[in-house]
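For reference, final_5.cif is printed below; it contains mmCIF, C-alpha atoms and all ligand atoms.
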```
data_my_file
#
loop_
_atom_site.group_PDB
_atom_site.id
_atom_site.type_symbol
_atom_site.label_atom_id
_atom_site.label_comp_id
_atom_site.auth_asym_id
_atom_site.auth_seq_id
_atom_site.Cartn_x
_atom_site.Cartn_y
_atom_site.Cartn_z
ATOM 1 C CA MET C 1 5.481 -56.843 -43.581
ATOM 2 C CA ALA C 2 5.499 -58.470 -47.004
ATOM 3 C CA GLU C 3 8.879 -59.534 -48.427
ATOM 4 C CA PRO C 4 9.960 -57.267 -51.320
ATOM 5 C CA ARG C 5 9.426 -58.978 -54.636
ATOM 6 C CA LYS C 6 12.559 -60.569 -56.090
ATOM 7 C CA LEU C 7 13.785 -58.855 -59.228
ATOM 8 C CA THR C 8 13.685 -60.794 -62.467
ATOM 9 C CA PRO C 9 17.072 -61.356 -64.177
ATOM 10 C CA ALA C 10 16.085 -58.768 -66.794
ATOM 11 C CA GLU C 11 15.313 -56.209 -64.093
ATOM 12 C CA GLU C 12 18.603 -57.015 -62.300
ATOM 13 C CA ALA C 13 20.495 -56.503 -65.546
ATOM 14 C CA ARG C 14 18.745 -53.198 -66.238
ATOM 15 C CA LEU C 15 19.478 -52.008 -62.687
ATOM 16 C CA ALA C 16 23.163 -52.909 -63.059
ATOM 17 C CA GLN C 17 23.249 -51.011 -66.363
ATOM 18 C CA VAL C 18 21.717 -47.889 -64.818
ATOM 19 C CA ARG C 19 24.195 -48.114 -61.907
ATOM 20 C CA ASP C 20 27.124 -48.377 -64.349
ATOM 21 C CA GLN C 21 25.883 -45.419 -66.370
ATOM 22 C CA PHE C 22 25.514 -43.380 -63.193
ATOM 23 C CA LYS C 23 29.051 -44.310 -62.087
ATOM 24 C CA GLN C 24 30.468 -43.363 -65.467
ATOM 25 C CA LYS C 25 28.634 -40.018 -65.451
ATOM 26 C CA GLN C 26 30.034 -39.325 -62.002
ATOM 27 C CA ALA C 27 33.557 -40.300 -63.104
ATOM 28 C CA ILE C 28 33.253 -37.961 -66.100
ATOM 29 C CA SER C 29 32.017 -35.055 -64.049
ATOM 30 C CA ASN C 30 34.830 -35.614 -61.478
ATOM 31 C CA SER C 31 37.359 -35.677 -64.245
ATOM 32 C CA LEU C 32 35.997 -32.497 -65.848
ATOM 33 C CA ASN C 33 35.902 -30.677 -62.508
ATOM 34 C CA SER C 34 39.519 -29.628 -62.779
ATOM 35 C CA ILE C 35 38.907 -27.987 -66.190
ATOM 36 C CA LYS C 36 37.709 -24.371 -66.275
ATOM 37 C CA TYR C 37 36.510 -24.101 -69.894
ATOM 38 C CA ARG C 38 35.763 -26.730 -72.541
ATOM 39 C CA ILE C 39 35.821 -25.413 -76.081
ATOM 40 C CA GLY C 40 34.913 -27.286 -79.273
ATOM 41 C CA VAL C 41 36.531 -26.478 -82.624
ATOM 42 C CA TYR C 42 34.139 -27.499 -85.347
ATOM 43 C CA SER C 43 33.077 -27.238 -88.984
ATOM 44 C CA GLY C 44 30.624 -29.046 -91.208
ATOM 45 C CA LYS C 45 33.233 -29.441 -93.925
ATOM 46 C CA GLY C 46 36.415 -31.496 -93.715
ATOM 47 C CA GLY C 47 39.838 -30.009 -94.342
ATOM 48 C CA VAL C 48 39.014 -26.385 -93.514
ATOM 49 C CA GLY C 49 41.572 -26.190 -90.701
ATOM 50 C CA LYS C 50 40.016 -27.415 -87.437
ATOM 51 C CA THR C 51 43.159 -29.246 -86.383
ATOM 52 C CA THR C 52 45.358 -26.328 -87.448
ATOM 53 C CA VAL C 53 43.220 -23.881 -85.450
ATOM 54 C CA THR C 54 43.036 -26.227 -82.427
ATOM 55 C CA THR C 55 46.779 -26.766 -82.198
ATOM 56 C CA ASN C 56 47.894 -23.202 -82.910
ATOM 57 C CA LEU C 57 45.309 -21.739 -80.536
ATOM 58 C CA ALA C 58 46.400 -24.171 -77.805
ATOM 59 C CA LEU C 59 50.070 -23.271 -78.382
ATOM 60 C CA THR C 60 49.230 -19.564 -78.201
ATOM 61 C CA LEU C 61 47.295 -19.987 -74.946
ATOM 62 C CA ALA C 62 50.184 -22.012 -73.468
ATOM 63 C CA LYS C 63 52.701 -19.388 -74.539
ATOM 64 C CA HIS C 64 50.658 -16.806 -72.656
ATOM 65 C CA GLY C 65 50.761 -18.821 -69.454
ATOM 66 C CA ARG C 66 47.446 -20.669 -69.623
ATOM 67 C CA LYS C 67 47.184 -24.311 -68.705
ATOM 68 C CA VAL C 68 45.929 -25.981 -71.857
ATOM 69 C CA ALA C 69 45.019 -29.453 -73.030
ATOM 70 C CA ILE C 70 43.793 -30.757 -76.380
ATOM 71 C CA LEU C 71 41.342 -33.601 -76.695
ATOM 72 C CA ASP C 72 41.543 -35.031 -80.191
ATOM 73 C CA CYS C 73 37.956 -36.178 -80.654
ATOM 74 C CA ASP C 74 38.407 -37.109 -84.285
ATOM 75 C CA ILE C 75 38.230 -40.834 -83.662
ATOM 76 C CA ASP C 76 38.353 -41.770 -87.371
ATOM 77 C CA CYS C 77 41.359 -39.637 -88.297
ATOM 78 C CA PRO C 78 43.132 -38.443 -85.171
ATOM 79 C CA ASN C 79 45.968 -36.223 -86.355
ATOM 80 C CA VAL C 80 46.743 -33.768 -83.561
ATOM 81 C CA THR C 81 49.632 -35.987 -82.454
ATOM 82 C CA ARG C 82 51.050 -35.939 -85.968
ATOM 83 C CA VAL C 83 50.749 -32.174 -86.303
ATOM 84 C CA LEU C 84 52.431 -31.636 -82.925
ATOM 85 C CA ARG C 85 54.886 -34.479 -83.551
ATOM 86 C CA ILE C 86 54.191 -36.292 -80.328
ATOM 87 C CA SER C 87 55.451 -39.847 -80.236
ATOM 88 C CA GLU C 88 55.322 -40.322 -76.475
ATOM 89 C CA ARG C 89 52.378 -42.355 -75.125
ATOM 90 C CA PRO C 90 50.256 -41.382 -72.121
ATOM 91 C CA GLY C 91 51.687 -42.278 -68.713
ATOM 92 C CA ALA C 92 49.708 -43.495 -65.689
ATOM 93 C CA ASP C 93 49.180 -42.020 -62.228
ATOM 94 C CA ASN C 94 48.961 -44.162 -59.095
ATOM 95 C CA GLU C 95 45.192 -44.552 -59.476
ATOM 96 C CA GLY C 96 45.703 -45.965 -62.949
ATOM 97 C CA LYS C 97 44.454 -42.851 -64.726
ATOM 98 C CA MET C 98 46.212 -41.747 -67.900
ATOM 99 C CA ILE C 99 48.484 -38.731 -67.847
ATOM 100 C CA PRO C 100 48.480 -37.041 -71.274
ATOM 101 C CA PRO C 101 51.912 -36.378 -72.782
ATOM 102 C CA SER C 102 52.681 -32.750 -73.438
ATOM 103 C CA LYS C 103 54.493 -30.706 -76.060
ATOM 104 C CA HIS C 104 55.298 -26.969 -75.933
ATOM 105 C CA GLY C 105 53.268 -26.777 -72.711
ATOM 106 C CA VAL C 106 50.122 -28.338 -74.207
ATOM 107 C CA SER C 107 48.826 -31.683 -72.905
ATOM 108 C CA VAL C 108 47.342 -33.934 -75.558
ATOM 109 C CA MET C 109 44.972 -36.872 -75.369
ATOM 110 C CA SER C 110 44.258 -38.520 -78.689
ATOM 111 C CA MET C 111 42.866 -41.677 -80.164
ATOM 112 C CA GLY C 112 46.048 -41.565 -82.240
ATOM 113 C CA PHE C 113 47.914 -42.974 -79.213
ATOM 114 C CA PHE C 114 45.964 -46.191 -79.438
ATOM 115 C CA GLN C 115 46.350 -46.835 -83.121
ATOM 116 C CA GLU C 116 48.729 -49.591 -84.151
ATOM 117 C CA ASN C 117 49.931 -47.662 -87.159
ATOM 118 C CA GLU C 118 49.223 -44.173 -88.447
ATOM 119 C CA ASP C 119 47.387 -45.236 -91.605
ATOM 120 C CA GLU C 120 44.850 -47.399 -89.850
ATOM 121 C CA ALA C 121 41.351 -45.964 -90.273
ATOM 122 C CA ILE C 122 39.168 -46.431 -87.250
ATOM 123 C CA VAL C 123 35.669 -47.198 -88.394
ATOM 124 C CA TRP C 124 33.557 -47.071 -85.290
ATOM 125 C CA ARG C 125 29.857 -46.846 -84.818
ATOM 126 C CA GLY C 126 27.996 -44.388 -82.583
ATOM 127 C CA PRO C 127 27.935 -46.393 -79.327
ATOM 128 C CA MET C 128 31.625 -47.292 -79.605
ATOM 129 C CA ILE C 129 32.552 -43.675 -80.221
ATOM 130 C CA HIS C 130 30.455 -42.738 -77.217
ATOM 131 C CA ASN C 131 32.365 -45.275 -75.111
ATOM 132 C CA ALA C 132 35.779 -44.240 -76.372
ATOM 133 C CA ILE C 133 35.089 -40.582 -75.614
ATOM 134 C CA ASN C 134 33.687 -41.436 -72.189
ATOM 135 C CA GLN C 135 36.760 -43.518 -71.390
ATOM 136 C CA PHE C 136 39.089 -40.775 -72.550
ATOM 137 C CA ILE C 137 37.468 -38.225 -70.328
ATOM 138 C CA SER C 138 36.852 -40.286 -67.235
ATOM 139 C CA LYS C 139 40.162 -42.155 -67.294
ATOM 140 C CA THR C 140 42.387 -39.132 -67.907
ATOM 141 C CA ASN C 141 44.091 -37.192 -65.173
ATOM 142 C CA TRP C 142 43.990 -33.760 -66.825
ATOM 143 C CA GLY C 143 45.365 -31.893 -63.828
ATOM 144 C CA ASP C 144 44.258 -28.294 -63.302
ATOM 145 C CA ILE C 145 43.452 -26.932 -66.746
ATOM 146 C CA ASP C 146 42.208 -23.510 -67.856
ATOM 147 C CA TYR C 147 41.225 -24.540 -71.377
ATOM 148 C CA LEU C 148 40.424 -27.929 -72.867
ATOM 149 C CA ILE C 149 40.281 -27.498 -76.640
ATOM 150 C CA CYS C 150 38.447 -30.301 -78.429
ATOM 151 C CA ASP C 151 39.237 -30.961 -82.065
ATOM 152 C CA LEU C 152 35.978 -32.358 -83.418
ATOM 153 C CA PRO C 153 35.402 -34.587 -86.438
ATOM 154 C CA PRO C 154 33.741 -32.819 -89.396
ATOM 155 C CA GLY C 155 30.149 -33.191 -90.487
ATOM 156 C CA THR C 156 26.792 -33.621 -88.867
ATOM 157 C CA SER C 157 26.903 -37.411 -88.512
ATOM 158 C CA ASP C 158 26.852 -39.627 -85.432
ATOM 159 C CA ALA C 159 30.451 -38.985 -84.438
ATOM 160 C CA PRO C 160 30.450 -35.214 -83.856
ATOM 161 C CA LEU C 161 26.940 -35.343 -82.388
ATOM 162 C CA THR C 162 27.932 -37.953 -79.819
ATOM 163 C CA VAL C 163 31.032 -36.001 -78.910
ATOM 164 C CA MET C 164 29.102 -32.750 -78.497
ATOM 165 C CA GLN C 165 26.561 -34.337 -76.217
ATOM 166 C CA THR C 166 29.049 -36.289 -74.094
ATOM 167 C CA LEU C 167 31.502 -33.494 -73.490
ATOM 168 C CA ASN C 168 29.062 -30.849 -72.343
ATOM 169 C CA LEU C 169 31.126 -28.151 -74.040
ATOM 170 C CA ASP C 170 30.884 -24.516 -72.969
ATOM 171 C CA GLY C 171 30.864 -23.337 -76.564
ATOM 172 C CA PHE C 172 32.197 -23.694 -80.093
ATOM 173 C CA ILE C 173 34.608 -21.989 -82.414
ATOM 174 C CA VAL C 174 33.327 -22.648 -85.933
ATOM 175 C CA VAL C 175 35.993 -22.730 -88.653
ATOM 176 C CA SER C 176 35.278 -21.939 -92.287
ATOM 177 C CA THR C 177 37.302 -21.023 -95.351
ATOM 178 C CA PRO C 178 36.414 -17.927 -97.402
ATOM 179 C CA GLN C 179 34.549 -19.859 -100.112
ATOM 180 C CA GLU C 180 30.765 -19.569 -100.354
ATOM 181 C CA LEU C 181 30.232 -23.332 -100.172
ATOM 182 C CA ALA C 182 32.352 -23.727 -97.055
ATOM 183 C CA ALA C 183 30.487 -20.863 -95.431
ATOM 184 C CA LEU C 184 27.193 -22.548 -96.270
ATOM 185 C CA ASP C 185 28.387 -25.749 -94.595
ATOM 186 C CA ALA C 186 29.540 -23.746 -91.589
ATOM 187 C CA LYS C 187 26.091 -22.198 -91.369
ATOM 188 C CA ARG C 188 24.576 -25.674 -91.236
ATOM 189 C CA SER C 189 26.954 -26.665 -88.430
ATOM 190 C CA ILE C 190 26.055 -23.549 -86.497
ATOM 191 C CA ASN C 191 22.373 -24.408 -86.784
ATOM 192 C CA MET C 192 23.076 -27.907 -85.549
ATOM 193 C CA ILE C 193 24.956 -26.603 -82.508
ATOM 194 C CA LYS C 194 22.092 -24.244 -81.740
ATOM 195 C CA LYS C 195 19.566 -27.083 -82.076
ATOM 196 C CA LEU C 196 21.489 -28.949 -79.371
ATOM 197 C CA ASN C 197 21.075 -25.849 -77.176
ATOM 198 C CA LEU C 198 24.825 -25.289 -77.156
ATOM 199 C CA LYS C 199 26.645 -21.975 -77.645
ATOM 200 C CA VAL C 200 28.542 -20.765 -80.697
ATOM 201 C CA PHE C 201 31.269 -18.365 -79.541
ATOM 202 C CA GLY C 202 32.011 -17.175 -83.057
ATOM 203 C CA VAL C 203 33.575 -17.855 -86.425
ATOM 204 C CA VAL C 204 37.172 -18.111 -87.637
ATOM 205 C CA GLU C 205 37.825 -17.487 -91.325
ATOM 206 C CA ASN C 206 40.787 -19.706 -92.105
ATOM 207 C CA MET C 207 42.943 -19.715 -95.271
ATOM 208 C CA THR C 208 41.892 -16.157 -95.920
ATOM 209 C CA GLY C 209 43.523 -14.119 -98.703
ATOM 210 C CA GLY C 210 45.442 -15.461 -101.695
ATOM 211 C CA ILE C 211 43.787 -17.900 -104.080
ATOM 212 C CA PHE C 212 40.715 -18.504 -101.903
ATOM 213 C CA GLY C 213 39.729 -14.851 -101.715
ATOM 214 C CA LYS C 214 38.331 -13.356 -98.603
ATOM 215 C CA GLY C 215 35.161 -12.680 -96.714
ATOM 216 C CA ALA C 216 32.441 -15.347 -97.250
ATOM 217 C CA ALA C 217 32.824 -16.662 -93.691
ATOM 218 C CA ILE C 218 32.841 -13.129 -92.336
ATOM 219 C CA GLU C 219 29.626 -12.283 -94.193
ATOM 220 C CA MET C 220 28.052 -15.476 -92.896
ATOM 221 C CA ALA C 221 29.023 -14.546 -89.312
ATOM 222 C CA GLU C 222 27.531 -11.078 -89.757
ATOM 223 C CA GLU C 223 24.330 -12.528 -91.148
ATOM 224 C CA LEU C 224 23.992 -14.812 -88.110
ATOM 225 C CA GLU C 225 25.055 -12.001 -85.748
ATOM 226 C CA LEU C 226 28.072 -13.935 -84.536
ATOM 227 C CA PRO C 227 31.482 -12.420 -83.782
ATOM 228 C CA VAL C 228 34.405 -13.014 -86.122
ATOM 229 C CA LEU C 229 37.016 -14.313 -83.665
ATOM 230 C CA SER C 230 39.942 -14.102 -86.088
ATOM 231 C CA GLU C 231 41.003 -14.294 -89.713
ATOM 232 C CA ILE C 232 43.865 -16.707 -90.335
ATOM 233 C CA SER C 233 45.870 -16.065 -93.502
ATOM 234 C CA LEU C 234 46.619 -18.717 -96.056
ATOM 235 C CA LEU C 235 50.321 -19.432 -95.492
ATOM 236 C CA SER C 236 52.400 -22.227 -96.943
ATOM 237 C CA ASP C 237 54.086 -22.514 -93.519
ATOM 238 C CA TYR C 238 51.122 -24.490 -92.167
ATOM 239 C CA SER C 239 51.809 -27.420 -94.453
ATOM 240 C CA ASP C 240 55.587 -27.072 -94.734
ATOM 241 C CA SER C 241 56.892 -25.979 -91.384
ATOM 242 C CA PHE C 242 58.449 -28.415 -88.957
ATOM 243 C CA ASP C 243 58.003 -26.082 -85.991
ATOM 244 C CA PRO C 244 54.595 -24.760 -84.890
ATOM 245 C CA VAL C 245 53.694 -21.856 -87.180
ATOM 246 C CA VAL C 246 52.626 -19.567 -84.319
ATOM 247 C CA HIS C 247 56.172 -19.954 -82.982
ATOM 248 C CA THR C 248 57.847 -19.012 -86.244
ATOM 249 C CA ASN C 249 55.594 -16.668 -88.213
ATOM 250 C CA ASP C 250 54.650 -13.198 -86.917
ATOM 251 C CA THR C 251 51.454 -12.934 -88.991
ATOM 252 C CA SER C 252 50.210 -16.249 -87.654
ATOM 253 C CA GLU C 253 51.218 -15.318 -84.109
ATOM 254 C CA LYS C 254 49.176 -12.087 -84.234
ATOM 255 C CA GLU C 255 46.158 -13.777 -85.800
ATOM 256 C CA PHE C 256 46.077 -16.453 -83.123
ATOM 257 C CA GLU C 257 46.618 -13.871 -80.372
ATOM 258 C CA ARG C 258 43.503 -12.112 -81.650
ATOM 259 C CA LEU C 259 41.598 -15.414 -81.408
ATOM 260 C CA MET C 260 42.929 -15.952 -77.875
ATOM 261 C CA LYS C 261 41.918 -12.479 -76.711
ATOM 262 C CA ASN C 262 38.415 -12.825 -78.130
ATOM 263 C CA LEU C 263 38.049 -16.241 -76.523
ATOM 264 C CA ASP C 264 39.257 -14.885 -73.175
ATOM 265 C CA SER C 265 36.758 -12.076 -73.234
ATOM 266 C CA ILE C 266 33.896 -14.475 -74.071
ATOM 267 C CA THR C 267 34.807 -17.041 -71.418
ATOM 268 C CA SER C 268 35.305 -14.371 -68.761
ATOM 269 C CA GLN C 269 31.593 -13.627 -69.122
ATOM 270 C CA LEU C 270 30.445 -17.247 -68.724
HETATM 271 N N1 LIG C 301 45.763 -21.020 -92.972
HETATM 272 C C1 LIG C 301 46.275 -22.041 -93.667
HETATM 273 N N2 LIG C 301 47.162 -21.822 -94.653
HETATM 274 C C2 LIG C 301 47.681 -22.857 -95.356
HETATM 275 N N3 LIG C 301 47.412 -24.135 -95.134
HETATM 276 C C3 LIG C 301 46.531 -24.425 -94.153
HETATM 277 C C4 LIG C 301 45.929 -23.401 -93.366
HETATM 278 N N4 LIG C 301 45.100 -24.008 -92.468
HETATM 279 C C5 LIG C 301 45.188 -25.332 -92.674
HETATM 280 N N5 LIG C 301 46.045 -25.604 -93.689
HETATM 281 C C6 LIG C 301 46.405 -26.918 -94.243
HETATM 282 O O1 LIG C 301 45.223 -27.506 -94.773
HETATM 283 C C7 LIG C 301 45.180 -28.898 -94.507
HETATM 284 C C8 LIG C 301 43.907 -29.223 -93.719
HETATM 285 O O2 LIG C 301 43.970 -28.585 -92.456
HETATM 286 P P1 LIG C 301 43.474 -29.321 -91.138
HETATM 287 O O3 LIG C 301 43.982 -30.706 -91.066
HETATM 288 O O4 LIG C 301 43.752 -28.414 -90.008
HETATM 289 O O5 LIG C 301 41.917 -29.345 -91.442
HETATM 290 P P2 LIG C 301 40.764 -30.124 -90.655
HETATM 291 O O6 LIG C 301 39.557 -29.282 -90.745
HETATM 292 O O7 LIG C 301 41.238 -30.494 -89.302
HETATM 293 O O8 LIG C 301 40.599 -31.432 -91.532
HETATM 294 P P3 LIG C 301 39.751 -32.730 -91.176
HETATM 295 O O9 LIG C 301 38.339 -32.363 -91.428
HETATM 296 O O10 LIG C 301 40.272 -33.752 -92.131
HETATM 297 O O11 LIG C 301 40.016 -33.049 -89.740
HETATM 298 C C9 LIG C 301 46.449 -29.217 -93.746
HETATM 299 O O12 LIG C 301 47.399 -29.696 -94.634
HETATM 300 C C10 LIG C 301 46.886 -27.875 -93.175
HETATM 301 O O13 LIG C 301 48.281 -27.793 -92.995
HETATM 302 MG MG MG C 302 41.302 -32.398 -88.336
#
```
Just give me the structure as structure tokens.
Amino acid sequence: MAEPRKLTPAEEARLAQVRDQFKQKQAISNSLNSIKYRIGVYSGKGGVGKTTVTTNLALTLAKHGRKVAILDCDIDCPNVTRVLRISERPGADNEGKMIPPSKHGVSVMSMGFFQENEDEAIVWRGPMIHNAINQFISKTNWGDIDYLICDLPPGTSDAPLTVMQTLNLDGFIVVSTPQELAALDAKRSINMIKKLNLKVFGVVENMTGGIFGKGAAIEMAEELELPVLSEISLLSDYSDSFDPVVHTNDTSEKEFERLMKNLDSITSQL
């Protein structure tokens, strides 16, 4: 029998690369195994309330007995830790995996933990973002989790796209404000999600009422035949309050309970 041909160094290197990628994929899928549902919170436009919706939804789910974790995927501006006022860093289990710190019953993993100081902007390119997200997921011991809520970066650039593809999310909550322009951006994001063959669970109209008016996001949802998962009122508490708003304001509590119930009924059909 002829000896198998020796691989060239380039072939060896390629083989090692494929093996590494396979190992990482396996590590990610092992790590995600203990999570029932993975939900993305997304919008095309910045500042419409993704982080606010992520944190208050997670707090509401936790208050109602669900096991919840947040993955802050906004690598450039991770601010979930700031909003929840978490200063503790992740711990480590005996296999060297990271254990996310938790606050009000919500576990949080964020790039914010690895920043030297809060003002530092992290300017990373696609492949580095891909790596950071992969590391987060595969090196975190999430424990048994019902819902992993992922706070995504805004826009339709490299960063959110990479995150969406890596995380294999079950579906998205798209956040928009009641202005026409924001709703138009949200529509674009919804089309992008659909192009990636991923699911949009529905739309949240945030900052509704008051100076921003009402309804553009709801009309957009109707036009695209998507459910309106909740309407979150514009309240000064969100910027001023030290404690989580869903813990202190009845209106906010009810609005986020509506979001939770709608999410529950969608995921129960997955
Ligand atoms: N319903 C609301 N009422 C009043 N203020 C709100 C409401 N929702 C969010 N805010 C405030 O608006 C600002 C932007 O919200 P947030 O950070 O959640 O948006 P974002 O979409 O995550 O932004 P980015 O795109 O920068 O990540 C914050 O100061 C937040 O406190
Ligand atoms: Mg945000």
Around (39.0, -41.5, -68.7) in the file's frame, which residues reach within 9 Å when counting only C-alpha atoms? Return as number ranges by chain?
C: 27-28, 31, 97-98, 132-141
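Using only C-alpha atoms and all ligand atoms, we find that the residues with an atom at most 9 Å from any atom of ligand MG 302 (chain C) are Gly46, Gly47, Val48, Gly49, Lys50, Thr51, Thr52, Thr54, Asp72, Asp74, Cys77, Pro78, Asn79, Val80, Asp151, Leu152, Pro153 and Pro154 of chain C.
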Tell me which of C:Pro9, C:Gly155, C:Gly202, C:Pro160 sits closest to C:Ile129, counting all atoms listed in the file.
C:Pro160
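Rounded to one decimal, atom C5 of ligand LIG 301 (chain C) and atom CA of C:Glu205 lie 10.8 Å from each other.
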Find the residues around C:Val228 up to 12 Å (only C-alpha atoms counted), leave out those fewer than 5 positions away in its own chain, and share them as a PyMOL selection string.
chain C and resi 173-176+200-206+215-223+255+258-259+262-263
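Between atom CA of C:Gly65 and atom CA of C:Val106 the interatomic distance comes to 10.7 Å.
Every polymer residue reaching to within 9 Å of (24.4, -26.5, -78.4), counting all atoms listed in the file, appears in this list: C:Met164, C:Gln165, C:Asn168, C:Leu169, C:Asp170, C:Gly171, C:Phe172, C:Ile190, C:Asn191, C:Met192, C:Ile193, C:Lys194, C:Lys195, C:Leu196, C:Asn197, C:Leu198, C:Lys199, C:Val200.
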Output file for the selection above: C-alpha atoms, as a short mmCIF file (atom, residue, chain, number, x, y, z; two decimals), in the coordinates of the input:
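Output (result_20.cif):
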```
data_model
loop_
_atom_site.label_atom_id
_atom_site.label_comp_id
_atom_site.auth_asym_id
_atom_site.auth_seq_id
_atom_site.Cartn_x
_atom_site.Cartn_y
_atom_site.Cartn_z
CA MET C 164 29.10 -32.75 -78.50
CA GLN C 165 26.56 -34.34 -76.22
CA ASN C 168 29.06 -30.85 -72.34
CA LEU C 169 31.13 -28.15 -74.04
CA ASP C 170 30.88 -24.52 -72.97
CA GLY C 171 30.86 -23.34 -76.56
CA PHE C 172 32.20 -23.69 -80.09
CA ILE C 190 26.06 -23.55 -86.50
CA ASN C 191 22.37 -24.41 -86.78
CA MET C 192 23.08 -27.91 -85.55
CA ILE C 193 24.96 -26.60 -82.51
CA LYS C 194 22.09 -24.24 -81.74
CA LYS C 195 19.57 -27.08 -82.08
CA LEU C 196 21.49 -28.95 -79.37
CA ASN C 197 21.08 -25.85 -77.18
CA LEU C 198 24.82 -25.29 -77.16
CA LYS C 199 26.64 -21.98 -77.64
CA VAL C 200 28.54 -20.76 -80.70
#
```
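Nearest to ligand LIG 301 (chain C) of all the residues C:Ile145, C:Leu61, C:Leu7, C:Ile75 is C:Ile75, counting all atoms listed in the file.
Take the candidates C:Ile266, C:Ile35, C:Leu226, C:Ile86 and check each one against C:His104 using all atoms listed in the file; the shortest distance goes to C:Ile86.
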Which is closest to ligand LIG 301 (chain C) among C:Leu161, C:Leu148, C:Leu32, C:Met207, if we use all atoms listed in the file?
C:Met207
Pop stretch 64-85 of chain C out of the structure in the block and write C-alpha atoms as a short mmCIF file (atom, residue, chain, number, x, y, z; two decimals), in the first residue's frame.
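Below is the file that was written, result17.cif:
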```
data_model
loop_
_atom_site.label_atom_id
_atom_site.label_comp_id
_atom_site.auth_asym_id
_atom_site.auth_seq_id
_atom_site.Cartn_x
_atom_site.Cartn_y
_atom_site.Cartn_z
CA HIS C 64 -41.56 36.20 38.10
CA GLY C 65 -39.27 33.30 38.92
CA ARG C 66 -37.51 32.77 35.59
CA LYS C 67 -33.81 32.12 35.41
CA VAL C 68 -32.45 34.98 33.34
CA ALA C 69 -29.12 36.16 32.02
CA ILE C 70 -28.14 39.18 29.95
CA LEU C 71 -25.38 39.10 27.38
CA ASP C 72 -24.27 42.64 26.64
CA CYS C 73 -23.24 42.27 23.01
CA ASP C 74 -22.63 45.96 22.50
CA ILE C 75 -18.87 45.62 22.32
CA ASP C 76 -18.26 49.30 21.48
CA CYS C 77 -20.41 50.78 24.24
CA PRO C 78 -21.28 48.12 26.79
CA ASN C 79 -23.54 49.80 29.33
CA VAL C 80 -25.72 47.10 30.88
CA THR C 81 -23.36 46.94 33.86
CA ARG C 82 -23.69 50.68 34.35
CA VAL C 83 -27.48 50.63 34.14
CA LEU C 84 -27.68 47.75 36.63
CA ARG C 85 -24.85 49.20 38.73
#
```
